[in-house]
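This is final-v5.txt. It holds compact mmCIF, C-alpha atoms.
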```
# COMPACT_ATOMS: atom_id res chain seq x y z
CA MET A 1006 -22.07 -5.75 0.48
CA THR A 1007 -21.06 -2.50 -1.23
CA HIS A 1008 -17.88 -1.95 0.77
CA TRP A 1009 -15.61 1.03 0.52
CA PHE A 1010 -11.82 0.76 0.88
CA HIS A 1011 -9.12 3.45 0.89
CA ARG A 1012 -6.49 2.91 -1.79
CA ASN A 1013 -3.07 4.54 -2.17
CA PRO A 1014 -1.72 5.11 -5.72
CA LEU A 1015 0.19 2.43 -7.59
CA LYS A 1016 3.96 2.69 -7.69
CA ALA A 1017 5.34 4.13 -10.94
CA THR A 1018 8.60 3.20 -12.61
CA ALA A 1019 11.00 4.46 -15.26
CA PRO A 1020 11.14 2.41 -18.49
CA VAL A 1021 13.77 -0.33 -18.61
CA SER A 1022 15.07 -1.39 -22.03
CA PHE A 1023 17.24 -4.36 -20.99
CA ASN A 1024 19.42 -3.47 -23.99
CA PHE A 1025 22.84 -4.89 -23.29
CA TYR A 1026 24.49 -4.35 -26.66
CA GLY A 1027 27.84 -6.05 -26.73
CA VAL A 1028 27.28 -7.58 -23.29
CA ALA A 1029 24.70 -10.14 -24.47
CA THR A 1030 26.88 -12.06 -26.91
CA THR A 1031 24.53 -14.80 -28.21
CA PRO A 1032 21.01 -14.86 -29.75
CA ALA A 1033 19.73 -16.76 -26.66
CA ALA A 1034 21.01 -14.03 -24.33
CA THR A 1035 19.53 -11.30 -26.54
CA LYS A 1036 16.16 -13.12 -26.65
CA VAL A 1037 15.96 -13.29 -22.86
CA CYS A 1038 16.59 -9.52 -22.72
CA ASN A 1039 13.89 -8.84 -25.33
CA ASP A 1040 11.43 -11.08 -23.45
CA LEU A 1041 12.20 -9.21 -20.23
CA ARG A 1042 11.54 -5.83 -21.84
CA LEU A 1043 8.27 -6.93 -23.46
CA SER A 1044 6.91 -8.83 -20.45
CA ARG A 1045 7.71 -5.91 -18.14
CA THR A 1046 5.90 -3.47 -20.44
CA GLN A 1047 2.87 -5.78 -20.70
CA LEU A 1048 2.68 -6.26 -16.94
CA LEU A 1049 2.80 -2.49 -16.34
CA GLU A 1050 0.00 -2.00 -18.88
CA LEU A 1051 -2.18 -4.55 -17.06
CA PHE A 1052 -1.93 -2.58 -13.80
CA THR A 1053 -4.04 0.18 -15.35
CA ASP A 1054 -6.30 -1.99 -17.54
CA SER A 1055 -9.78 -2.06 -15.97
CA SER A 1056 -10.59 -5.30 -17.85
CA CYS A 1057 -7.67 -7.17 -16.23
CA ASN A 1058 -8.66 -10.07 -13.96
CA PRO A 1059 -6.62 -12.13 -11.45
CA GLU A 1060 -5.86 -14.89 -13.95
CA MET A 1061 -4.44 -12.39 -16.48
CA MET A 1062 -2.44 -10.67 -13.73
CA LYS A 1063 -1.02 -13.93 -12.36
CA ASN A 1064 0.03 -15.19 -15.82
CA ALA A 1065 1.73 -11.90 -16.76
CA ALA A 1066 3.43 -11.49 -13.37
CA ASP A 1067 4.62 -15.11 -13.26
CA PHE A 1068 6.16 -14.85 -16.73
CA TYR A 1069 8.04 -11.63 -15.94
CA PHE A 1070 9.23 -12.84 -12.54
CA SER A 1071 10.40 -16.17 -13.98
CA LEU A 1072 12.57 -14.23 -16.44
CA LEU A 1073 13.76 -11.62 -13.92
CA GLN A 1074 15.00 -14.33 -11.55
CA GLY A 1075 17.72 -15.12 -14.09
CA PHE A 1076 19.34 -11.88 -12.85
CA ILE A 1077 19.10 -13.06 -9.22
CA LEU A 1078 19.35 -16.84 -8.86
CA SER A 1079 22.55 -18.80 -9.22
CA LEU A 1080 22.09 -21.70 -11.64
CA ASP A 1081 24.58 -24.00 -9.96
CA ASP A 1082 22.83 -23.86 -6.55
CA SER A 1083 25.93 -22.34 -5.04
CA SER A 1084 25.87 -19.63 -2.40
CA GLN A 1085 27.36 -17.19 -4.92
CA GLU A 1086 24.94 -14.58 -6.22
CA CYS A 1087 24.24 -14.28 -9.91
CA LYS A 1088 26.77 -12.13 -11.77
CA LEU A 1089 23.89 -10.27 -13.50
CA ARG A 1090 22.24 -8.98 -10.30
CA TYR A 1091 23.76 -5.46 -10.52
CA ILE A 1092 23.78 -5.07 -14.32
CA GLN A 1093 20.67 -2.86 -14.58
CA ASN A 1094 19.45 0.24 -12.73
CA PHE A 1095 15.78 0.37 -11.66
CA LYS A 1096 13.73 3.38 -10.53
CA TRP A 1097 10.46 3.22 -8.60
CA THR A 1098 8.25 5.78 -6.89
CA ASP A 1099 6.41 5.07 -3.64
CA THR A 1100 2.71 4.93 -2.86
CA LEU A 1101 2.94 7.84 -0.40
CA GLN A 1102 5.87 10.01 -1.48
CA GLY A 1103 4.96 11.36 -4.92
CA GLN A 1104 6.93 11.15 -8.13
CA VAL A 1105 10.55 11.36 -6.95
CA PRO A 1106 11.79 7.78 -7.27
CA SER A 1107 14.17 5.63 -5.33
CA ALA A 1108 16.80 4.03 -7.56
CA GLN A 1109 18.90 0.93 -7.03
CA GLN A 1110 21.19 -0.96 -9.38
CA ASP A 1111 19.88 -4.27 -8.10
CA ALA A 1112 17.53 -6.85 -9.65
CA VAL A 1113 16.20 -7.69 -6.15
CA PHE A 1114 14.96 -4.08 -5.89
CA GLU A 1115 13.04 -4.62 -9.13
CA LEU A 1116 11.66 -7.95 -7.89
CA VAL A 1117 10.29 -6.53 -4.63
CA SER A 1118 9.06 -3.26 -6.18
CA MET A 1119 7.17 -4.99 -8.99
CA GLY A 1120 5.90 -7.61 -6.53
CA PHE A 1121 4.64 -4.78 -4.30
CA ASN A 1122 2.71 -3.33 -7.25
CA VAL A 1123 1.19 -6.73 -8.05
CA ALA A 1124 -0.07 -6.92 -4.45
CA LEU A 1125 -1.46 -3.37 -4.73
CA TRP A 1126 -3.24 -4.36 -7.94
CA TYR A 1127 -5.02 -7.21 -6.12
CA THR A 1128 -6.22 -4.74 -3.45
CA LYS A 1129 -7.51 -2.37 -6.13
CA TYR A 1130 -9.24 -5.20 -7.98
CA ALA A 1131 -10.93 -6.19 -4.70
CA SER A 1132 -11.95 -2.58 -4.12
CA ARG A 1133 -13.55 -2.28 -7.56
CA LEU A 1134 -15.60 -5.45 -7.04
CA ALA A 1135 -16.57 -4.66 -3.44
CA GLY A 1136 -17.91 -1.24 -4.39
CA LYS A 1137 -20.51 -2.70 -6.75
CA GLU A 1138 -24.12 -2.24 -5.74
CA ASP A 1139 -25.30 -5.77 -6.53
CA ILE A 1140 -22.29 -7.94 -5.80
CA THR A 1141 -22.79 -11.68 -6.34
CA GLU A 1142 -21.62 -14.42 -3.98
CA ASP A 1143 -18.86 -15.38 -6.41
CA GLU A 1144 -17.69 -11.77 -6.63
CA ALA A 1145 -17.64 -11.53 -2.82
CA LYS A 1146 -15.43 -14.65 -2.78
CA ASP A 1147 -13.15 -12.97 -5.36
CA VAL A 1148 -12.84 -9.89 -3.12
CA HIS A 1149 -12.00 -12.08 -0.13
CA ARG A 1150 -9.49 -14.19 -2.08
CA SER A 1151 -7.81 -11.18 -3.73
CA LEU A 1152 -7.21 -9.47 -0.39
CA LYS A 1153 -5.73 -12.65 1.10
CA ILE A 1154 -3.46 -13.05 -1.96
CA ALA A 1155 -2.31 -9.43 -1.60
CA ALA A 1156 -1.55 -9.97 2.09
CA GLY A 1157 0.45 -13.08 1.20
CA ILE A 1158 2.55 -11.22 -1.38
CA PHE A 1159 3.29 -8.32 0.99
CA LYS A 1160 4.22 -10.81 3.74
CA HIS A 1161 6.54 -12.83 1.48
CA LEU A 1162 8.31 -9.69 0.25
CA LYS A 1163 8.75 -8.39 3.81
CA GLU A 1164 10.08 -11.64 5.23
CA SER A 1165 12.03 -13.23 2.39
CA HIS A 1166 13.21 -10.66 -0.17
CA ILE A 1167 13.34 -7.08 1.14
CA PRO A 1168 15.97 -8.15 3.73
CA LYS A 1169 18.23 -9.21 0.81
CA LEU A 1170 18.54 -5.66 -0.54
CA ILE A 1171 22.14 -4.40 -0.34
CA THR A 1172 21.08 -0.76 0.00
CA PRO A 1173 18.93 -0.22 3.14
CA VAL A 1174 15.39 1.03 2.50
CA GLU A 1175 14.92 4.75 3.17
CA LYS A 1176 12.55 5.67 6.00
CA GLY A 1177 8.95 6.19 4.93
CA ARG A 1178 9.39 4.29 1.66
CA ASP A 1179 7.10 1.41 0.66
CA LEU A 1180 9.60 -1.35 1.31
CA GLU A 1181 10.23 -0.20 4.88
CA ALA A 1182 8.87 -2.62 7.52
CA ARG A 1183 6.30 -0.17 8.96
CA LEU A 1184 4.53 0.34 5.63
CA THR A 1185 4.71 -3.25 4.47
CA GLU A 1186 3.32 -4.46 7.79
CA SER A 1187 0.44 -1.95 7.60
CA TYR A 1188 -0.48 -3.14 4.11
CA ILE A 1189 -0.52 -6.76 5.33
CA ILE A 1190 -2.77 -5.97 8.30
CA GLN A 1191 -5.09 -3.75 6.23
CA CYS A 1192 -5.60 -6.56 3.69
CA GLN A 1193 -6.48 -9.00 6.47
CA ALA A 1194 -8.88 -6.52 8.07
CA GLU A 1195 -10.65 -5.78 4.76
CA ALA A 1196 -11.00 -9.49 3.99
CA GLN A 1197 -12.61 -9.92 7.40
CA GLU A 1198 -15.07 -7.17 6.50
CA VAL A 1199 -16.27 -9.47 3.71
CA THR A 1200 -16.58 -12.34 6.21
CA ILE A 1201 -18.63 -10.12 8.55
CA ALA A 1202 -20.94 -9.03 5.70
CA ARG A 1203 -21.49 -12.70 4.83
CA ALA A 1204 -22.18 -13.64 8.45
CA ILE A 1205 -24.73 -10.83 8.75
CA GLU A 1206 -26.39 -11.78 5.48
CA LEU A 1207 -26.77 -15.40 6.60
CA LYS A 1208 -27.97 -14.31 10.06
CA HIS A 1209 -25.20 -16.07 11.93
CA ASN A 1210 -24.97 -15.96 15.71
CA PRO A 1211 -24.65 -12.31 16.90
CA GLY A 1212 -21.84 -13.41 19.24
CA LEU A 1213 -19.76 -14.60 16.28
CA ILE A 1214 -20.43 -11.36 14.37
CA ALA A 1215 -19.50 -9.26 17.44
CA ALA A 1216 -16.25 -11.22 17.91
CA LEU A 1217 -15.29 -10.89 14.22
CA ALA A 1218 -16.05 -7.17 14.27
CA TYR A 1219 -13.96 -6.73 17.44
CA GLU A 1220 -10.99 -8.60 15.91
CA THR A 1221 -11.33 -6.51 12.73
CA ALA A 1222 -11.41 -3.24 14.69
CA ASN A 1223 -8.22 -4.34 16.46
CA PHE A 1224 -6.57 -5.12 13.12
CA TYR A 1225 -7.30 -1.60 11.90
CA GLN A 1226 -6.05 -0.10 15.17
CA LYS A 1227 -2.82 -2.10 14.90
CA ALA A 1228 -2.28 -0.97 11.29
CA ASP A 1229 -2.82 2.64 12.36
CA GLN A 1230 -0.36 2.33 15.26
CA THR A 1231 2.23 0.84 12.89
CA LEU A 1232 2.10 4.06 10.85
CA SER A 1233 2.04 6.41 13.86
CA SER A 1234 5.72 7.40 13.59
CA LEU A 1235 5.48 8.32 9.89
CA ASP A 1236 5.30 11.90 8.62
CA PRO A 1237 1.57 12.86 8.69
CA THR A 1238 2.05 14.78 5.42
CA TYR A 1239 2.30 11.41 3.70
CA ALA A 1240 0.45 9.06 6.01
CA GLY A 1241 -2.26 11.32 7.52
CA LYS A 1242 -5.06 10.43 5.10
CA TRP A 1243 -4.33 6.71 5.23
CA ARG A 1244 -4.28 6.81 9.04
CA LYS A 1245 -7.67 8.59 9.13
CA TYR A 1246 -9.07 5.67 7.11
CA LEU A 1247 -7.60 3.05 9.43
CA ASN A 1248 -8.84 4.97 12.46
CA LEU A 1249 -12.37 5.42 11.16
CA LYS A 1250 -12.61 1.74 10.19
CA SER A 1251 -11.44 0.78 13.68
CA CYS A 1252 -14.18 2.92 15.24
CA PHE A 1253 -16.72 1.64 12.73
CA TYR A 1254 -16.10 -2.02 13.60
CA MET A 1255 -16.02 -1.27 17.33
CA ALA A 1256 -19.52 0.13 16.77
CA TYR A 1257 -20.45 -3.12 15.01
CA ALA A 1258 -18.96 -5.18 17.84
CA TYR A 1259 -20.90 -3.34 20.57
CA CYS A 1260 -24.09 -3.43 18.48
CA TYR A 1261 -24.04 -7.22 18.04
CA HIS A 1262 -22.75 -7.78 21.58
CA GLY A 1263 -25.83 -5.87 22.71
CA GLN A 1264 -28.00 -8.32 20.79
CA THR A 1265 -26.24 -11.22 22.52
CA LEU A 1266 -26.83 -9.63 25.94
CA LEU A 1267 -30.52 -9.05 25.16
CA ALA A 1268 -30.91 -12.70 24.14
CA SER A 1269 -29.44 -13.60 27.57
CA ASP A 1270 -32.04 -11.39 29.32
CA LYS A 1271 -29.38 -8.81 30.26
CA CYS A 1272 -31.37 -5.92 28.88
CA GLY A 1273 -29.76 -3.16 30.97
CA GLU A 1274 -26.28 -4.23 29.85
CA ALA A 1275 -27.56 -4.54 26.28
CA ILE A 1276 -28.73 -0.91 26.34
CA ARG A 1277 -25.34 0.20 27.65
CA SER A 1278 -23.60 -1.81 24.91
CA LEU A 1279 -25.76 -0.15 22.26
CA GLN A 1280 -25.05 3.27 23.72
CA GLU A 1281 -21.33 2.50 23.41
CA SER A 1282 -21.94 1.39 19.83
CA GLU A 1283 -23.65 4.71 19.14
CA LYS A 1284 -20.65 6.55 20.63
CA PHE A 1285 -18.17 4.75 18.36
CA PHE A 1286 -20.41 5.30 15.34
CA THR A 1287 -20.57 9.05 16.04
CA LYS A 1288 -16.78 9.10 16.34
CA ALA A 1289 -16.45 7.22 13.04
CA GLU A 1290 -18.82 9.73 11.43
CA ALA A 1291 -16.58 12.62 12.57
CA LEU A 1292 -13.50 10.79 11.26
CA CYS A 1293 -15.24 10.34 7.90
CA LYS A 1294 -15.51 14.11 7.62
CA GLU A 1295 -11.87 14.55 8.67
CA TYR A 1296 -10.81 11.90 6.15
CA GLY A 1297 -12.56 13.79 3.34
CA GLU A 1298 -10.82 17.03 4.34
CA THR A 1299 -7.33 15.54 4.80
CA LYS A 1300 -4.95 16.12 1.92
CA GLY A 1301 -2.62 13.32 0.87
CA PRO A 1302 -2.27 10.31 -1.39
CA GLY A 1303 -5.21 7.98 -1.75
CA THR A 1304 -8.86 7.64 -2.56
CA THR A 1305 -11.17 10.65 -2.73
CA ALA A 1306 -14.44 9.67 -1.08
CA LYS A 1307 -17.23 10.60 1.31
CA PRO A 1308 -17.45 7.38 3.34
CA SER A 1309 -20.26 8.64 5.58
CA GLY A 1310 -22.49 8.78 2.48
CA HIS A 1311 -21.67 5.19 1.60
CA LEU A 1312 -24.37 2.53 1.88
CA PHE A 1313 -22.28 0.29 4.17
CA PHE A 1314 -21.91 3.19 6.62
CA ARG A 1315 -25.54 4.30 6.61
CA LYS A 1316 -26.83 0.74 7.16
CA LEU A 1317 -24.92 0.38 10.42
CA GLY A 1318 -26.29 3.70 11.71
CA SER A 1319 -29.87 2.49 11.10
CA LEU A 1320 -29.14 -0.89 12.73
CA ILE A 1321 -27.72 0.67 15.91
CA LYS A 1322 -30.70 3.00 16.23
CA SER A 1323 -33.34 0.29 15.73
CA THR A 1324 -31.56 -2.19 18.06
CA LEU A 1325 -31.19 0.39 20.82
CA GLU A 1326 -34.86 1.37 20.51
CA LYS A 1327 -35.84 -2.31 20.73
CA CYS A 1328 -33.74 -2.81 23.90
CA GLN A 1329 -35.19 0.30 25.54
CA ARG A 1330 -38.73 -0.83 24.63
CA GLU A 1331 -38.17 -4.31 26.10
CA ASN A 1332 -36.65 -2.84 29.25
CA GLY A 1333 -39.64 -0.53 29.69
CA PHE A 1334 -42.14 -3.38 29.30
CA ILE A 1335 -40.44 -6.51 30.63
CA TYR A 1336 -37.04 -6.24 32.32
CA PHE A 1337 -36.95 -2.90 34.22
CA GLN A 1338 -33.17 -3.33 34.62
CA LYS A 1339 -30.74 -0.60 35.59
CA VAL A 1340 -28.43 0.56 32.78
CA PRO A 1341 -24.80 0.28 34.03
CA ALA A 1342 -22.62 3.40 34.05
CA GLU A 1343 -19.67 1.50 32.55
CA ALA A 1344 -19.74 -0.08 29.11
CA PRO A 1345 -19.28 -3.86 29.04
CA GLN A 1346 -15.71 -5.03 28.45
CA LEU A 1347 -15.37 -6.71 25.08
CA GLU A 1348 -13.28 -9.82 25.62
CA LEU A 1349 -14.36 -11.48 22.42
CA LYS A 1350 -12.38 -14.07 20.50
CA ALA A 1351 -13.56 -15.25 17.09
CA ASN A 1352 -13.14 -19.00 16.55
CA TYR A 1353 -14.14 -18.79 12.89
CA GLY A 1354 -13.66 -16.42 9.98
CA LEU A 1355 -10.26 -14.98 10.90
CA VAL A 1356 -8.19 -14.26 7.81
CA GLU A 1357 -4.67 -15.52 7.18
CA PRO A 1358 -2.62 -14.42 4.14
CA VAL A 1359 -2.43 -16.89 1.25
CA PRO A 1360 1.18 -18.20 1.13
CA PHE A 1361 3.04 -16.78 -1.86
CA GLU A 1362 6.19 -17.85 -3.69
CA PHE A 1363 7.78 -16.38 -6.81
CA PRO A 1364 7.66 -18.73 -9.83
CA ALA A 1365 10.55 -21.01 -10.77
CA LEU A 1366 13.30 -19.74 -13.03
CA ASN A 1367 12.28 -19.57 -16.70
CA THR A 1368 13.63 -22.47 -18.77
CA HIS A 1369 15.22 -19.99 -21.22
CA TRP A 1370 17.86 -19.42 -18.58
CA THR A 1371 20.67 -21.97 -18.88
CA PRO A 1372 24.31 -21.89 -17.72
CA GLU A 1373 25.21 -21.14 -21.35
CA THR A 1374 22.81 -18.17 -21.45
CA VAL A 1375 24.29 -16.67 -18.28
CA ALA A 1376 27.83 -17.28 -19.55
CA ALA A 1377 26.92 -15.42 -22.76
CA PHE A 1378 26.72 -12.11 -20.82
CA ASP A 1379 30.21 -10.57 -20.94
CA LEU A 1380 30.28 -7.90 -18.20
CA THR A 1381 33.72 -6.69 -19.25
CA LYS A 1382 32.07 -5.11 -22.30
CA ARG A 1383 29.74 -2.81 -20.32
CA PRO A 1384 30.14 0.88 -21.18
CA LYS A 1385 31.49 2.85 -18.22
CA GLU A 1386 28.63 5.37 -18.31
CA ASP A 1387 26.14 2.56 -17.54
CA ILE A 1388 27.46 2.47 -14.00
CA ALA A 1389 26.75 6.17 -13.36
CA LYS A 1390 23.94 6.68 -10.85
CA PRO A 1391 20.81 8.62 -11.90
CA LYS A 1392 19.95 12.06 -10.56
CA PRO A 1393 18.07 11.55 -7.30
CA ASP A 1394 15.48 14.24 -8.09
CA GLU A 1395 14.51 12.81 -11.46
CA GLU A 1396 10.74 12.39 -11.72
CA VAL A 1397 8.89 9.31 -12.94
CA LYS A 1398 5.47 9.75 -14.54
CA PRO A 1399 2.63 8.32 -12.40
CA LEU A 1400 0.60 5.42 -13.78
CA LYS A 1401 -2.73 6.53 -15.21
CA GLU A 1402 -5.09 4.49 -13.11
CA PRO A 1403 -8.63 3.87 -14.37
CA ASN A 1404 -11.14 6.39 -13.06
CA ILE A 1405 -13.87 4.14 -11.69
CA LYS A 1406 -17.29 5.82 -11.65
CA PRO A 1407 -19.14 5.60 -8.35
CA GLN A 1408 -21.94 3.08 -7.89
CA LYS A 1409 -25.34 4.43 -6.94
CA ASP A 1410 -25.35 5.79 -3.36
CA SER A 1411 -21.80 4.57 -2.78
CA GLY A 1412 -20.35 7.87 -1.63
CA CYS A 1413 -17.13 6.87 -3.35
CA GLN A 1414 -15.65 8.91 -6.18
CA ILE A 1415 -12.49 7.07 -7.22
CA SER A 1416 -11.43 3.46 -6.63
```
Would you mind giving the structure from this file in structure tokens?
Amino acid sequence: MTHWFHRNPLKATAPVSFNFYGVATTPAATKVCNDLRLSRTQLLELFTDSSCNPEMMKNAADFYFSLLQGFILSLDDSSQECKLRYIQNFKWTDTLQGQVPSAQQDAVFELVSMGFNVALWYTKYASRLAGKEDITEDEAKDVHRSLKIAAGIFKHLKESHIPKLITPVEKGRDLEARLTESYIIQCQAEAQEVTIARAIELKHNPGLIAALAYETANFYQKADQTLSSLDPTYAGKWRKYLNLKSCFYMAYAYCYHGQTLLASDKCGEAIRSLQESEKFFTKAEALCKEYGETKGPGTTAKPSGHLFFRKLGSLIKSTLEKCQRENGFIYFQKVPAEAPQLELKANYGLVEPVPFEFPALNTHWTPETVAAFDLTKRPKEDIAKPKPDEEVKPLKEPNIKPQKDSGCQIS
């Protein structure tokens, strides 16, 4: 498979101590605060641990989120929000906008920001596995599953939790609808790449492969269009990736559609389809170069040198030569001036996000524990807002060495 995926940096965050001296008035309340601090620290460490796997990530994330929800959920099922929701300030950077954080004194902001990072981790885990030279069938399934899980988390945050924020999300920040939607679509598109690779490997019907490739190209195009109104300083590199992948899978679609036409004795149309495939591949090749030269957040790579890219180029060339040979010997058909219209619909293999829900409230939270927080004892300076230009140190992500012939330098 040996796929290559663009990845934006993880979000970084300022430390949170959860030290509410005087406010947490019982040992049970203090213990919950200590557990929150420790579980948050452990989860952040796992984001940059190259040995972390999905089971470890899920366990750590579930434990932290189950504790954090005690600051959000009302224990008596009333419509009133929890009194602890605004007790702590949280600061998070964004995947595109460098180290100047957004800050909100709101536990929902922490929930969605940390959830966003968990989703990003699943995409990075998938990227590490997919870039391996000799990926096993089980690993390919892990890539596919991880991308669907990530899409499900992004979707749940966008639909169910980000709208609950009291402070509106600033334009161009991660939690804004344009970015969240692009992440969802990108995850679906990349998961479909795995499906296409599997279908090719098992020599499935070329019509199915062409339809899947066409749907995938459209996914990438849609993700790119969603980002079109963002500042290119931040989003330019990411958009080059989405654009080149759209062209790349259009090339795939026309290549396999050409095979379908040839099998139906439409050799002239097949040649024209392959010529269109060649055109899209050349465009993707140019975009690969532009991607490598575009400054901005994200992966540093030379995708045109990647095995997955080179293999398609060889396939298009050999298929076109075969069609031209057959036409010269058998069919003698005229090659149409217009490329065939791709009106392909895949009936199988389309990816839907895995539904996601945050875990239930941790059992350490009881009405007595909540009551033990006395907000009247908060120091006045706790309420002061942080300086907006304060920087947060980026997470030190593992530097993944490239696989042989991958063309990729950093995961």
Tell me, as a ChimeraX atom specification, which residues lie within 12 Å of Gly1120 (chain A), counting all atoms listed in the file; anything in the same chain fewer than 2 positions away does not count.
/A:1015-1016,1045,1048-1049,1052,1062-1063,1065-1067,1069-1070,1073,1097,1113-1118,1122-1127,1154-1163,1166-1167,1179-1180,1185,1361-1364
As a ChimeraX atom specification, please: the residues near region 1078-1092 of chain A (cut-off 12 Å, only C-alpha atoms, same-chain neighbours under 6 positions excluded).
/A:1021,1023-1025,1028-1029,1034,1038,1070-1072,1109-1116,1169-1172,1363-1385,1387-1389
Kindly save the residues from that selection, with C-alpha atoms included, as a tab-separated table (two decimals), in the coordinates of the input.
```tsv
chain	number	residue	atom	x	y	z
A	1021	VAL	CA	13.77	-0.33	-18.61
A	1023	PHE	CA	17.24	-4.36	-20.99
A	1024	ASN	CA	19.42	-3.47	-23.99
A	1025	PHE	CA	22.84	-4.89	-23.29
A	1028	VAL	CA	27.28	-7.58	-23.29
A	1029	ALA	CA	24.70	-10.14	-24.47
A	1034	ALA	CA	21.01	-14.03	-24.33
A	1038	CYS	CA	16.59	-9.52	-22.72
A	1070	PHE	CA	9.23	-12.84	-12.54
A	1071	SER	CA	10.40	-16.17	-13.98
A	1072	LEU	CA	12.57	-14.23	-16.44
A	1109	GLN	CA	18.90	0.93	-7.03
A	1110	GLN	CA	21.19	-0.96	-9.38
A	1111	ASP	CA	19.88	-4.27	-8.10
A	1112	ALA	CA	17.53	-6.85	-9.65
A	1113	VAL	CA	16.20	-7.69	-6.15
A	1114	PHE	CA	14.96	-4.08	-5.89
A	1115	GLU	CA	13.04	-4.62	-9.13
A	1116	LEU	CA	11.66	-7.95	-7.89
A	1169	LYS	CA	18.23	-9.21	0.81
A	1170	LEU	CA	18.54	-5.66	-0.54
A	1171	ILE	CA	22.14	-4.40	-0.34
A	1172	THR	CA	21.08	-0.76	0.00
A	1363	PHE	CA	7.78	-16.38	-6.81
A	1364	PRO	CA	7.66	-18.73	-9.83
A	1365	ALA	CA	10.55	-21.01	-10.77
A	1366	LEU	CA	13.30	-19.74	-13.03
A	1367	ASN	CA	12.28	-19.57	-16.70
A	1368	THR	CA	13.63	-22.47	-18.77
A	1369	HIS	CA	15.22	-19.99	-21.22
A	1370	TRP	CA	17.86	-19.42	-18.58
A	1371	THR	CA	20.67	-21.97	-18.88
A	1372	PRO	CA	24.31	-21.89	-17.72
A	1373	GLU	CA	25.21	-21.14	-21.35
A	1374	THR	CA	22.81	-18.17	-21.45
A	1375	VAL	CA	24.29	-16.67	-18.28
A	1376	ALA	CA	27.83	-17.28	-19.55
A	1377	ALA	CA	26.92	-15.42	-22.76
A	1378	PHE	CA	26.72	-12.11	-20.82
A	1379	ASP	CA	30.21	-10.57	-20.94
A	1380	LEU	CA	30.28	-7.90	-18.20
A	1381	THR	CA	33.72	-6.69	-19.25
A	1382	LYS	CA	32.07	-5.11	-22.30
A	1383	ARG	CA	29.74	-2.81	-20.32
A	1384	PRO	CA	30.14	0.88	-21.18
A	1385	LYS	CA	31.49	2.85	-18.22
A	1387	ASP	CA	26.14	2.56	-17.54
A	1388	ILE	CA	27.46	2.47	-14.00
A	1389	ALA	CA	26.75	6.17	-13.36
```
Counting all atoms listed in the file, the option among A:Leu1249, A:Cys1293, A:Cys1272, A:Leu1279 closest to Lys1322 (chain A)
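Of A:Leu1249, A:Cys1293, A:Cys1272, A:Leu1279, the one nearest Lys1322 (chain A) is A:Leu1279, counting all atoms listed in the file.
Put simply, CA of Val1105 (chain A) is 6.5 Å away from CA of Val1397 (chain A).
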So how many Å separate CA of Ala1268 (chain A) and CA of Leu1213 (chain A), to one decimal?
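Computing it gives 13.8 Å between the two atoms.
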From CA of Leu1247 (chain A) to CA of Pro1345 (chain A) the spacing works out at 23.8 Å
Find the residues around region 1287-1290 of chain A up to 10 Å (only C-alpha atoms counted), leave out those fewer than 6 positions away in its own chain, and share them as a VMD selection string.
chain A and resid 1245 to 1246 1248 to 1256 1281 1296 1308 to 1310 1314 to 1315 1318
Written selection (C-alpha atoms) as a short mmCIF file (atom, residue, chain, number, x, y, z; two decimals), in the frame of the given file:
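Saved result, again29.cif, follows:
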```
data_model
loop_
_atom_site.label_atom_id
_atom_site.label_comp_id
_atom_site.auth_asym_id
_atom_site.auth_seq_id
_atom_site.Cartn_x
_atom_site.Cartn_y
_atom_site.Cartn_z
CA LYS A 1245 -7.67 8.59 9.13
CA TYR A 1246 -9.07 5.67 7.11
CA ASN A 1248 -8.84 4.97 12.46
CA LEU A 1249 -12.37 5.42 11.16
CA LYS A 1250 -12.61 1.74 10.19
CA SER A 1251 -11.44 0.78 13.68
CA CYS A 1252 -14.18 2.92 15.24
CA PHE A 1253 -16.72 1.64 12.73
CA TYR A 1254 -16.10 -2.02 13.60
CA MET A 1255 -16.02 -1.27 17.33
CA ALA A 1256 -19.52 0.13 16.77
CA GLU A 1281 -21.33 2.50 23.41
CA TYR A 1296 -10.81 11.90 6.15
CA PRO A 1308 -17.45 7.38 3.34
CA SER A 1309 -20.26 8.64 5.58
CA GLY A 1310 -22.49 8.78 2.48
CA PHE A 1314 -21.91 3.19 6.62
CA ARG A 1315 -25.54 4.30 6.61
CA GLY A 1318 -26.29 3.70 11.71
#
```
Padding 3 Å on each side, edges along x, y and z: where is the centre of the box around the listed atoms of region 1192-1206 of chain A, and how long are its edges in Å to one decimal? Output it as AutoDock Vina command-line options.
```
--center_x -16.0 --center_y -9.7 --center_z 6.2 --size_x 26.8 --size_y 13.9 --size_z 11.1
```
